[in-house]
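Colleague: Following this line is my_file.txt, made up of compact mmCIF, N, CA and C atoms:
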```
# COMPACT_ATOMS: atom_id res chain seq x y z
N MET A 1 -17.60 -3.71 -26.77
CA MET A 1 -17.55 -4.14 -25.39
C MET A 1 -17.34 -2.92 -24.49
N THR A 2 -18.26 -2.68 -23.64
CA THR A 2 -18.10 -1.57 -22.71
C THR A 2 -17.57 -2.10 -21.38
N GLY A 3 -16.79 -1.27 -20.72
CA GLY A 3 -16.25 -1.65 -19.42
C GLY A 3 -15.07 -2.59 -19.48
N LEU A 4 -14.48 -2.77 -20.66
CA LEU A 4 -13.35 -3.70 -20.77
C LEU A 4 -12.17 -3.24 -19.91
N GLY A 5 -11.92 -1.94 -19.86
CA GLY A 5 -10.81 -1.42 -19.06
C GLY A 5 -10.99 -1.72 -17.59
N ASP A 6 -12.21 -1.55 -17.08
CA ASP A 6 -12.47 -1.86 -15.68
C ASP A 6 -12.30 -3.35 -15.40
N ARG A 7 -12.73 -4.18 -16.33
CA ARG A 7 -12.59 -5.63 -16.13
C ARG A 7 -11.12 -6.05 -16.13
N ILE A 8 -10.33 -5.46 -17.02
CA ILE A 8 -8.89 -5.79 -17.05
C ILE A 8 -8.23 -5.32 -15.76
N LEU A 9 -8.55 -4.09 -15.34
CA LEU A 9 -7.99 -3.58 -14.09
C LEU A 9 -8.45 -4.44 -12.91
N GLY A 10 -9.72 -4.82 -12.89
CA GLY A 10 -10.24 -5.67 -11.81
C GLY A 10 -9.52 -7.00 -11.75
N LEU A 11 -9.26 -7.61 -12.91
CA LEU A 11 -8.55 -8.88 -12.94
C LEU A 11 -7.11 -8.72 -12.43
N CYS A 12 -6.44 -7.65 -12.84
CA CYS A 12 -5.07 -7.41 -12.37
C CYS A 12 -5.05 -7.19 -10.86
N LEU A 13 -6.01 -6.42 -10.35
CA LEU A 13 -6.08 -6.17 -8.92
C LEU A 13 -6.43 -7.43 -8.14
N LEU A 14 -7.25 -8.30 -8.71
CA LEU A 14 -7.60 -9.55 -8.05
C LEU A 14 -6.36 -10.45 -7.93
N VAL A 15 -5.58 -10.52 -9.01
CA VAL A 15 -4.33 -11.30 -8.96
C VAL A 15 -3.40 -10.73 -7.89
N LEU A 16 -3.30 -9.40 -7.83
CA LEU A 16 -2.47 -8.76 -6.81
C LEU A 16 -2.99 -9.06 -5.41
N ALA A 17 -4.30 -9.02 -5.21
CA ALA A 17 -4.89 -9.28 -3.89
C ALA A 17 -4.61 -10.71 -3.45
N VAL A 18 -4.75 -11.66 -4.35
CA VAL A 18 -4.49 -13.06 -4.01
C VAL A 18 -3.01 -13.26 -3.66
N ALA A 19 -2.12 -12.68 -4.46
CA ALA A 19 -0.69 -12.81 -4.20
C ALA A 19 -0.33 -12.16 -2.87
N TYR A 20 -0.86 -10.98 -2.62
CA TYR A 20 -0.57 -10.25 -1.38
C TYR A 20 -1.10 -11.02 -0.17
N GLY A 21 -2.30 -11.54 -0.27
CA GLY A 21 -2.87 -12.33 0.82
C GLY A 21 -2.10 -13.61 1.07
N TRP A 22 -1.65 -14.25 0.01
CA TRP A 22 -0.88 -15.49 0.15
C TRP A 22 0.45 -15.21 0.84
N VAL A 23 1.13 -14.14 0.43
CA VAL A 23 2.41 -13.79 1.06
C VAL A 23 2.22 -13.47 2.53
N ALA A 24 1.13 -12.78 2.85
CA ALA A 24 0.86 -12.43 4.26
C ALA A 24 0.69 -13.67 5.12
N GLN A 25 0.15 -14.72 4.56
CA GLN A 25 -0.06 -15.96 5.32
C GLN A 25 1.21 -16.77 5.49
N GLN A 26 2.28 -16.41 4.79
CA GLN A 26 3.54 -17.15 4.86
C GLN A 26 4.42 -16.70 6.01
N TRP A 27 4.07 -15.61 6.68
CA TRP A 27 4.89 -15.13 7.78
C TRP A 27 4.88 -16.13 8.91
N PRO A 28 6.03 -16.29 9.58
CA PRO A 28 6.10 -17.30 10.64
C PRO A 28 5.22 -16.94 11.83
N GLU A 29 4.81 -17.99 12.53
CA GLU A 29 3.99 -17.80 13.74
C GLU A 29 4.84 -17.12 14.81
N PRO A 30 4.26 -16.15 15.53
CA PRO A 30 5.04 -15.46 16.57
C PRO A 30 5.51 -16.42 17.65
N PHE A 31 6.60 -16.06 18.30
CA PHE A 31 7.14 -16.88 19.38
C PHE A 31 6.10 -16.99 20.49
N GLY A 32 5.90 -18.18 20.99
CA GLY A 32 4.94 -18.38 22.07
C GLY A 32 3.57 -18.81 21.59
N GLY A 33 3.38 -19.04 20.30
CA GLY A 33 2.09 -19.50 19.81
C GLY A 33 1.33 -18.42 19.07
N THR A 34 0.11 -18.73 18.75
CA THR A 34 -0.70 -17.81 17.97
C THR A 34 -1.27 -16.71 18.85
N GLU A 35 -1.52 -15.59 18.23
CA GLU A 35 -2.13 -14.46 18.90
C GLU A 35 -3.38 -14.08 18.12
N GLY A 36 -4.28 -13.36 18.78
CA GLY A 36 -5.50 -12.92 18.09
C GLY A 36 -5.19 -12.01 16.93
N VAL A 37 -4.25 -11.10 17.12
CA VAL A 37 -3.83 -10.18 16.07
C VAL A 37 -2.35 -10.41 15.86
N GLY A 38 -2.01 -10.98 14.73
CA GLY A 38 -0.61 -11.25 14.42
C GLY A 38 -0.13 -10.38 13.28
N PRO A 39 1.09 -10.60 12.82
CA PRO A 39 1.64 -9.75 11.77
C PRO A 39 0.92 -9.89 10.44
N GLU A 40 0.16 -10.98 10.27
CA GLU A 40 -0.53 -11.18 9.00
C GLU A 40 -1.92 -10.54 8.97
N THR A 41 -2.40 -10.04 10.08
CA THR A 41 -3.77 -9.54 10.17
C THR A 41 -4.02 -8.36 9.25
N PHE A 42 -3.22 -7.31 9.36
CA PHE A 42 -3.43 -6.10 8.55
C PHE A 42 -3.28 -6.38 7.06
N PRO A 43 -2.20 -7.07 6.61
CA PRO A 43 -2.10 -7.37 5.17
C PRO A 43 -3.25 -8.24 4.67
N THR A 44 -3.75 -9.14 5.51
CA THR A 44 -4.87 -9.98 5.10
C THR A 44 -6.13 -9.13 4.92
N MET A 45 -6.35 -8.19 5.83
CA MET A 45 -7.51 -7.30 5.69
C MET A 45 -7.41 -6.48 4.41
N LEU A 46 -6.21 -5.98 4.11
CA LEU A 46 -6.02 -5.22 2.87
C LEU A 46 -6.28 -6.10 1.64
N ALA A 47 -5.82 -7.34 1.69
CA ALA A 47 -6.02 -8.25 0.56
C ALA A 47 -7.51 -8.53 0.35
N VAL A 48 -8.26 -8.69 1.42
CA VAL A 48 -9.70 -8.95 1.29
C VAL A 48 -10.41 -7.73 0.70
N VAL A 49 -10.09 -6.54 1.19
CA VAL A 49 -10.72 -5.32 0.66
C VAL A 49 -10.37 -5.14 -0.81
N LEU A 50 -9.11 -5.38 -1.17
CA LEU A 50 -8.70 -5.27 -2.57
C LEU A 50 -9.41 -6.31 -3.43
N ALA A 51 -9.55 -7.52 -2.94
CA ALA A 51 -10.23 -8.56 -3.71
C ALA A 51 -11.70 -8.21 -3.93
N VAL A 52 -12.37 -7.72 -2.90
CA VAL A 52 -13.78 -7.34 -3.04
C VAL A 52 -13.93 -6.20 -4.04
N GLY A 53 -13.05 -5.19 -3.94
CA GLY A 53 -13.10 -4.08 -4.87
C GLY A 53 -12.83 -4.51 -6.30
N SER A 54 -11.89 -5.42 -6.49
CA SER A 54 -11.58 -5.88 -7.84
C SER A 54 -12.72 -6.71 -8.43
N LEU A 55 -13.35 -7.52 -7.59
CA LEU A 55 -14.51 -8.29 -8.08
C LEU A 55 -15.65 -7.36 -8.48
N TYR A 56 -15.83 -6.29 -7.71
CA TYR A 56 -16.87 -5.31 -8.05
C TYR A 56 -16.57 -4.67 -9.41
N LEU A 57 -15.30 -4.33 -9.66
CA LEU A 57 -14.93 -3.76 -10.95
C LEU A 57 -15.22 -4.72 -12.10
N MET A 58 -14.99 -6.00 -11.87
CA MET A 58 -15.21 -6.97 -12.94
C MET A 58 -16.69 -7.24 -13.17
N VAL A 59 -17.47 -7.26 -12.11
CA VAL A 59 -18.89 -7.58 -12.23
C VAL A 59 -19.71 -6.38 -12.69
N LYS A 60 -19.37 -5.20 -12.19
CA LYS A 60 -20.14 -4.00 -12.50
C LYS A 60 -19.22 -2.89 -13.00
N PRO A 61 -18.68 -3.05 -14.21
CA PRO A 61 -17.75 -2.03 -14.72
C PRO A 61 -18.50 -0.77 -15.15
N ASP A 62 -17.75 0.33 -15.18
CA ASP A 62 -18.29 1.59 -15.66
C ASP A 62 -18.24 1.59 -17.19
N ALA A 63 -19.37 1.81 -17.82
CA ALA A 63 -19.43 1.75 -19.29
C ALA A 63 -18.65 2.88 -19.94
N ASP A 64 -18.43 3.97 -19.25
CA ASP A 64 -17.78 5.14 -19.84
C ASP A 64 -16.29 5.21 -19.56
N THR A 65 -15.71 4.15 -19.09
CA THR A 65 -14.31 4.17 -18.71
C THR A 65 -13.42 4.34 -19.93
N GLN A 66 -12.47 5.27 -19.81
CA GLN A 66 -11.46 5.48 -20.84
C GLN A 66 -10.10 5.26 -20.19
N TRP A 67 -9.19 4.62 -20.88
CA TRP A 67 -7.84 4.48 -20.36
C TRP A 67 -7.19 5.85 -20.31
N PRO A 68 -6.47 6.14 -19.25
CA PRO A 68 -5.82 7.45 -19.16
C PRO A 68 -4.73 7.60 -20.21
N VAL A 69 -4.58 8.81 -20.70
CA VAL A 69 -3.55 9.10 -21.70
C VAL A 69 -2.80 10.34 -21.28
N GLY A 70 -1.64 10.52 -21.85
CA GLY A 70 -0.86 11.73 -21.64
C GLY A 70 -0.38 11.89 -20.21
N LYS A 71 -0.59 13.11 -19.69
CA LYS A 71 -0.08 13.46 -18.36
C LYS A 71 -0.70 12.58 -17.26
N THR A 72 -1.98 12.26 -17.38
CA THR A 72 -2.64 11.42 -16.37
C THR A 72 -2.01 10.03 -16.32
N ALA A 73 -1.74 9.45 -17.47
CA ALA A 73 -1.11 8.13 -17.51
C ALA A 73 0.29 8.19 -16.90
N LEU A 74 1.02 9.27 -17.20
CA LEU A 74 2.36 9.44 -16.64
C LEU A 74 2.31 9.56 -15.12
N GLU A 75 1.34 10.31 -14.61
CA GLU A 75 1.19 10.46 -13.15
C GLU A 75 0.88 9.10 -12.50
N LEU A 76 0.07 8.28 -13.15
CA LEU A 76 -0.22 6.95 -12.61
C LEU A 76 1.03 6.08 -12.60
N VAL A 77 1.82 6.15 -13.64
CA VAL A 77 3.06 5.37 -13.70
C VAL A 77 4.02 5.84 -12.60
N VAL A 78 4.13 7.15 -12.40
CA VAL A 78 4.98 7.69 -11.34
C VAL A 78 4.50 7.20 -9.98
N SER A 79 3.18 7.19 -9.77
CA SER A 79 2.63 6.71 -8.50
C SER A 79 2.97 5.24 -8.26
N ILE A 80 2.87 4.43 -9.29
CA ILE A 80 3.20 3.01 -9.16
C ILE A 80 4.68 2.84 -8.84
N ILE A 81 5.53 3.62 -9.50
CA ILE A 81 6.97 3.55 -9.23
C ILE A 81 7.27 3.94 -7.78
N VAL A 82 6.60 4.99 -7.29
CA VAL A 82 6.80 5.42 -5.89
C VAL A 82 6.40 4.29 -4.94
N LEU A 83 5.29 3.61 -5.21
CA LEU A 83 4.84 2.53 -4.33
C LEU A 83 5.76 1.32 -4.38
N VAL A 84 6.31 1.02 -5.55
CA VAL A 84 7.26 -0.09 -5.65
C VAL A 84 8.54 0.25 -4.89
N ILE A 85 9.04 1.47 -5.05
CA ILE A 85 10.23 1.90 -4.32
C ILE A 85 9.96 1.87 -2.82
N TYR A 86 8.76 2.29 -2.42
CA TYR A 86 8.39 2.26 -1.00
C TYR A 86 8.49 0.84 -0.46
N ALA A 87 7.96 -0.12 -1.19
CA ALA A 87 8.01 -1.51 -0.74
C ALA A 87 9.45 -2.01 -0.63
N LEU A 88 10.30 -1.60 -1.56
CA LEU A 88 11.69 -2.04 -1.53
C LEU A 88 12.50 -1.38 -0.41
N LEU A 89 12.14 -0.15 -0.04
CA LEU A 89 12.89 0.58 0.98
C LEU A 89 12.34 0.42 2.39
N LEU A 90 11.22 -0.25 2.53
CA LEU A 90 10.57 -0.36 3.83
C LEU A 90 11.46 -1.02 4.88
N GLU A 91 12.09 -2.12 4.55
CA GLU A 91 12.97 -2.81 5.51
C GLU A 91 14.26 -2.04 5.77
N PRO A 92 15.01 -1.65 4.73
CA PRO A 92 16.29 -0.99 5.03
C PRO A 92 16.15 0.39 5.68
N LEU A 93 15.20 1.20 5.24
CA LEU A 93 15.05 2.54 5.80
C LEU A 93 14.14 2.57 7.02
N GLY A 94 13.21 1.65 7.09
CA GLY A 94 12.25 1.63 8.19
C GLY A 94 10.93 2.25 7.77
N PHE A 95 9.91 1.99 8.58
CA PHE A 95 8.55 2.43 8.26
C PHE A 95 8.43 3.95 8.24
N VAL A 96 8.96 4.62 9.24
CA VAL A 96 8.76 6.08 9.36
C VAL A 96 9.39 6.81 8.18
N ILE A 97 10.64 6.51 7.88
CA ILE A 97 11.33 7.21 6.79
C ILE A 97 10.69 6.87 5.45
N SER A 98 10.45 5.59 5.19
CA SER A 98 9.87 5.18 3.91
C SER A 98 8.48 5.76 3.71
N THR A 99 7.66 5.71 4.76
CA THR A 99 6.30 6.23 4.65
C THR A 99 6.30 7.74 4.47
N THR A 100 7.18 8.44 5.18
CA THR A 100 7.29 9.89 5.01
C THR A 100 7.61 10.23 3.56
N LEU A 101 8.58 9.53 3.00
CA LEU A 101 8.97 9.79 1.61
C LEU A 101 7.85 9.44 0.63
N ALA A 102 7.21 8.29 0.82
CA ALA A 102 6.16 7.86 -0.12
C ALA A 102 4.93 8.76 -0.04
N VAL A 103 4.43 9.02 1.17
CA VAL A 103 3.24 9.86 1.32
C VAL A 103 3.56 11.28 0.85
N GLY A 104 4.75 11.76 1.20
CA GLY A 104 5.14 13.10 0.77
C GLY A 104 5.22 13.21 -0.75
N ALA A 105 5.85 12.23 -1.39
CA ALA A 105 5.98 12.26 -2.85
C ALA A 105 4.61 12.17 -3.53
N LEU A 106 3.76 11.27 -3.05
CA LEU A 106 2.44 11.14 -3.67
C LEU A 106 1.58 12.38 -3.44
N SER A 107 1.63 12.95 -2.23
CA SER A 107 0.87 14.17 -1.95
C SER A 107 1.37 15.33 -2.80
N TRP A 108 2.69 15.42 -2.94
CA TRP A 108 3.28 16.47 -3.76
C TRP A 108 2.85 16.33 -5.22
N ARG A 109 2.84 15.09 -5.73
CA ARG A 109 2.41 14.86 -7.12
C ARG A 109 0.93 15.17 -7.31
N MET A 110 0.15 15.13 -6.23
CA MET A 110 -1.27 15.46 -6.33
C MET A 110 -1.53 16.96 -6.21
N GLY A 111 -0.46 17.74 -6.02
CA GLY A 111 -0.62 19.18 -6.04
C GLY A 111 -0.35 19.91 -4.74
N ALA A 112 -0.04 19.22 -3.67
CA ALA A 112 0.26 19.88 -2.40
C ALA A 112 1.65 20.52 -2.48
N PRO A 113 1.84 21.63 -1.77
CA PRO A 113 3.19 22.19 -1.70
C PRO A 113 4.15 21.17 -1.07
N ALA A 114 5.38 21.17 -1.52
CA ALA A 114 6.34 20.14 -1.09
C ALA A 114 6.51 20.08 0.43
N LYS A 115 6.68 21.25 1.09
CA LYS A 115 6.86 21.24 2.54
C LYS A 115 5.65 20.65 3.25
N SER A 116 4.47 21.05 2.83
CA SER A 116 3.25 20.53 3.45
C SER A 116 3.09 19.04 3.19
N ALA A 117 3.40 18.61 1.97
CA ALA A 117 3.24 17.20 1.61
C ALA A 117 4.13 16.32 2.49
N PHE A 118 5.38 16.70 2.65
CA PHE A 118 6.30 15.88 3.43
C PHE A 118 6.04 16.01 4.93
N ALA A 119 5.52 17.15 5.36
CA ALA A 119 5.13 17.29 6.77
C ALA A 119 3.96 16.36 7.09
N VAL A 120 2.98 16.30 6.19
CA VAL A 120 1.85 15.37 6.37
C VAL A 120 2.35 13.94 6.34
N GLY A 121 3.29 13.65 5.45
CA GLY A 121 3.87 12.30 5.40
C GLY A 121 4.54 11.92 6.71
N LEU A 122 5.29 12.85 7.30
CA LEU A 122 5.99 12.58 8.56
C LEU A 122 5.00 12.38 9.70
N VAL A 123 4.03 13.26 9.81
CA VAL A 123 3.03 13.14 10.89
C VAL A 123 2.25 11.83 10.74
N SER A 124 1.85 11.51 9.51
CA SER A 124 1.11 10.26 9.27
C SER A 124 1.96 9.04 9.64
N ALA A 125 3.22 9.05 9.23
CA ALA A 125 4.11 7.92 9.50
C ALA A 125 4.29 7.72 11.00
N ILE A 126 4.51 8.81 11.73
CA ILE A 126 4.71 8.70 13.18
C ILE A 126 3.44 8.22 13.86
N ALA A 127 2.29 8.75 13.44
CA ALA A 127 1.02 8.35 14.06
C ALA A 127 0.74 6.86 13.82
N VAL A 128 0.91 6.40 12.59
CA VAL A 128 0.64 5.00 12.29
C VAL A 128 1.67 4.10 12.99
N PHE A 129 2.93 4.52 13.00
CA PHE A 129 3.97 3.74 13.68
C PHE A 129 3.63 3.59 15.16
N GLY A 130 3.25 4.68 15.79
CA GLY A 130 2.87 4.62 17.21
C GLY A 130 1.67 3.74 17.45
N LEU A 131 0.65 3.87 16.60
CA LEU A 131 -0.55 3.06 16.75
C LEU A 131 -0.23 1.57 16.63
N PHE A 132 0.53 1.22 15.60
CA PHE A 132 0.82 -0.20 15.37
C PHE A 132 1.80 -0.76 16.40
N ASN A 133 2.89 -0.04 16.65
CA ASN A 133 3.91 -0.58 17.56
C ASN A 133 3.46 -0.57 19.01
N TYR A 134 2.80 0.49 19.44
CA TYR A 134 2.49 0.62 20.86
C TYR A 134 1.03 0.33 21.18
N GLY A 135 0.12 0.69 20.28
CA GLY A 135 -1.29 0.44 20.52
C GLY A 135 -1.71 -0.99 20.23
N LEU A 136 -1.21 -1.54 19.11
CA LEU A 136 -1.60 -2.89 18.69
C LEU A 136 -0.51 -3.93 18.91
N SER A 137 0.64 -3.52 19.37
CA SER A 137 1.80 -4.40 19.59
C SER A 137 2.19 -5.16 18.33
N LEU A 138 2.06 -4.51 17.19
CA LEU A 138 2.51 -5.08 15.91
C LEU A 138 3.74 -4.30 15.49
N SER A 139 4.87 -4.95 15.50
CA SER A 139 6.10 -4.22 15.22
C SER A 139 6.26 -3.95 13.73
N LEU A 140 6.55 -2.70 13.43
CA LEU A 140 6.87 -2.29 12.07
C LEU A 140 8.38 -2.11 12.00
N PRO A 141 8.96 -2.25 10.81
CA PRO A 141 10.42 -2.14 10.71
C PRO A 141 10.91 -0.74 11.10
N THR A 142 11.96 -0.69 11.91
CA THR A 142 12.51 0.58 12.35
C THR A 142 13.64 1.06 11.44
N GLY A 143 14.28 0.14 10.74
CA GLY A 143 15.33 0.51 9.78
C GLY A 143 16.42 1.35 10.40
N LEU A 144 16.72 2.47 9.77
CA LEU A 144 17.81 3.34 10.23
C LEU A 144 17.54 3.92 11.61
N LEU A 145 16.29 4.15 11.94
CA LEU A 145 15.95 4.74 13.24
C LEU A 145 16.11 3.74 14.38
N GLY A 146 16.21 2.48 14.09
CA GLY A 146 16.38 1.45 15.12
C GLY A 146 17.77 1.48 15.74
N ASP A 147 18.71 2.11 15.05
CA ASP A 147 20.08 2.18 15.55
C ASP A 147 20.26 3.24 16.61
N PHE A 148 19.28 4.13 16.76
CA PHE A 148 19.42 5.24 17.73
C PHE A 148 18.91 4.85 19.09
```
As C-alpha cells, what does this structure read like?
Modeller:
Amino acid sequence: MTGLGDRILGLCLLVLAVAYGWVAQQWPEPFGGTEGVGPETFPTMLAVVLAVGSLYLMVKPDADTQWPVGKTALELVVSIIVLVIYALLLEPLGFVISTTLAVGALSWRMGAPAKSAFAVGLVSAIAVFGLFNYGLSLSLPTGLLGDF
C-alpha cells in the first residue's frame, strides 16, 4: 500500500479540523446580536482550510512518503508540544506573549538565531494583535498585558 502515511495523517487532520470547527461554533453570540464577522469566523476558516487539505492528503497521497525517524521525528514532536503549550497559555498569558514565545521557539528550532527568532515572534504577535483587535474588532486575549 503506497501513501498509507499520508492517508493516516489526512484522517487525523480531518478529525482535528472537525473538532476545531465544532468548538469554534460553540462560542456565544456577541452582545447585541449577530455580526458579519464574529469570534468564530477565523477559527472556522482555519477548520475549512485544514479539512480541505486533509481530504486532499487522503484522496491523493504521495506514494513516496516515509514516516520521519530520528532527529526529524523529534523535531516534529517538539513542534507539537510547543503548539499544545501555546494553546494552554493563550488565555493566562495573552496573545502577544504566547505568540511571541511560540513563534520564537518554532523559528529557533528551524534554525534561526534565538534573538532574531524571538524578535520576529514579537513583531508578528504585535502586528496580528493590532490587526485583529483594532482593524477587525475581534478581541484577542490580553492576559498579563491587560493589567497595564
Colleague: So that I can see what lies close to Ser139 in chain A, please list as a list in words the residues with an atom at most 10 Å from it, counting only C-alpha atoms and leaving out residues fewer than 2 positions away in the same chain.
Modeller: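 The neighbour list is Gly38, Pro39, Phe95, Phe129, Gly130, Leu131, Phe132, Asn133, Tyr134, Leu136, Ser137, Pro141 and Thr142 of chain A.
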Colleague: Ranking A:Ala112, A:Leu4, A:Val78, A:Ile97 by minimum distance to Ala125 in chain A and counting only C-alpha atoms, which one comes first?
Modeller: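 The closest residue to Ala125 in chain A is A:Ile97.
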Colleague: For a quick check of understanding, using all atoms listed in the file, which of A:Asp6, A:Ala17, A:Val96, A:Pro113 has the smallest distance to Ala63 in chain A?
Modeller: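 Of A:Asp6, A:Ala17, A:Val96, A:Pro113, the one nearest Ala63 in chain A is A:Asp6, counting all atoms listed in the file.
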Colleague: For a test of reading the model, state the distance in Å between atom N of Met58 in chain A and atom C of Leu46 in chain A, rounded to one decimal.
Modeller: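 Separating atom N of Met58 in chain A from atom C of Leu46 in chain A is a distance of 16.1 Å.
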Colleague: Please return, as number ranges by chain, all residues of range 8-101 of chain A that DSSP assigns to alpha helix (DSSP H) on the basis of the backbone.
Modeller: A: 8-25, 41-59, 71-93, 95-101
Colleague: Check the smallest atom-to-atom distance from each of A:Ala117, A:Leu90, A:Val82, A:Ala105 to Leu144 in chain A using only N, CA and C atoms, then report the winner.
Modeller: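 Going through A:Ala117, A:Leu90, A:Val82, A:Ala105 one by one, the smallest distance to Leu144 in chain A is for A:Leu90.
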Colleague: May I ask which of the residues A:Gly70, A:Gly94, A:Gly5, A:Gly121 is the closest one to Gly143 in chain A, counting all atoms listed in the file?
Modeller: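 Of all the options, A:Gly94 lies closest to Gly143 in chain A.
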Colleague: Could you please determine the separation between atom C of Arg109 in chain A and CA of Val128 in chain A in Å, to one decimal place?
Modeller: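 Computing the Euclidean distance for atom C of Arg109 in chain A and CA of Val128 in chain A yields 22.1 Å.
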Colleague: Which residues, written as a ChimeraX atom specification, have at least one atom at most 6.5 Å from Leu13 in chain A, with only N, CA and C atoms counted and residues fewer than 4 positions away on the same chain left out?
Modeller: /A:8-9,17-18,50-51,54
Colleague: Would you mind reading off the distance between atom N of Ile80 in chain A and atom N of Ala102 in chain A, one decimal, in Å?
Modeller: 11.7 Å
Colleague: Padding 6 Å on each side, edges along x, y and z: where is the centre of the box around the listed atoms of range 101-114 of chain A, and how long are its edges in Å to one decimal? Output it as JSON.
Modeller:
```
{"center_x": 3.7, "center_y": 15.0, "center_z": -2.2, "size_x": 22.5, "size_y": 26.3, "size_z": 22.3}
```
Colleague: Considering all atoms listed in the file, can you say which of A:Gly3, A:Ser79, A:Ala119, A:Ala87 comes closest to Asp62 in chain A?
Modeller: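 Looking only at the distances to Asp62 in chain A, the closest residue turns out to be A:Gly3.
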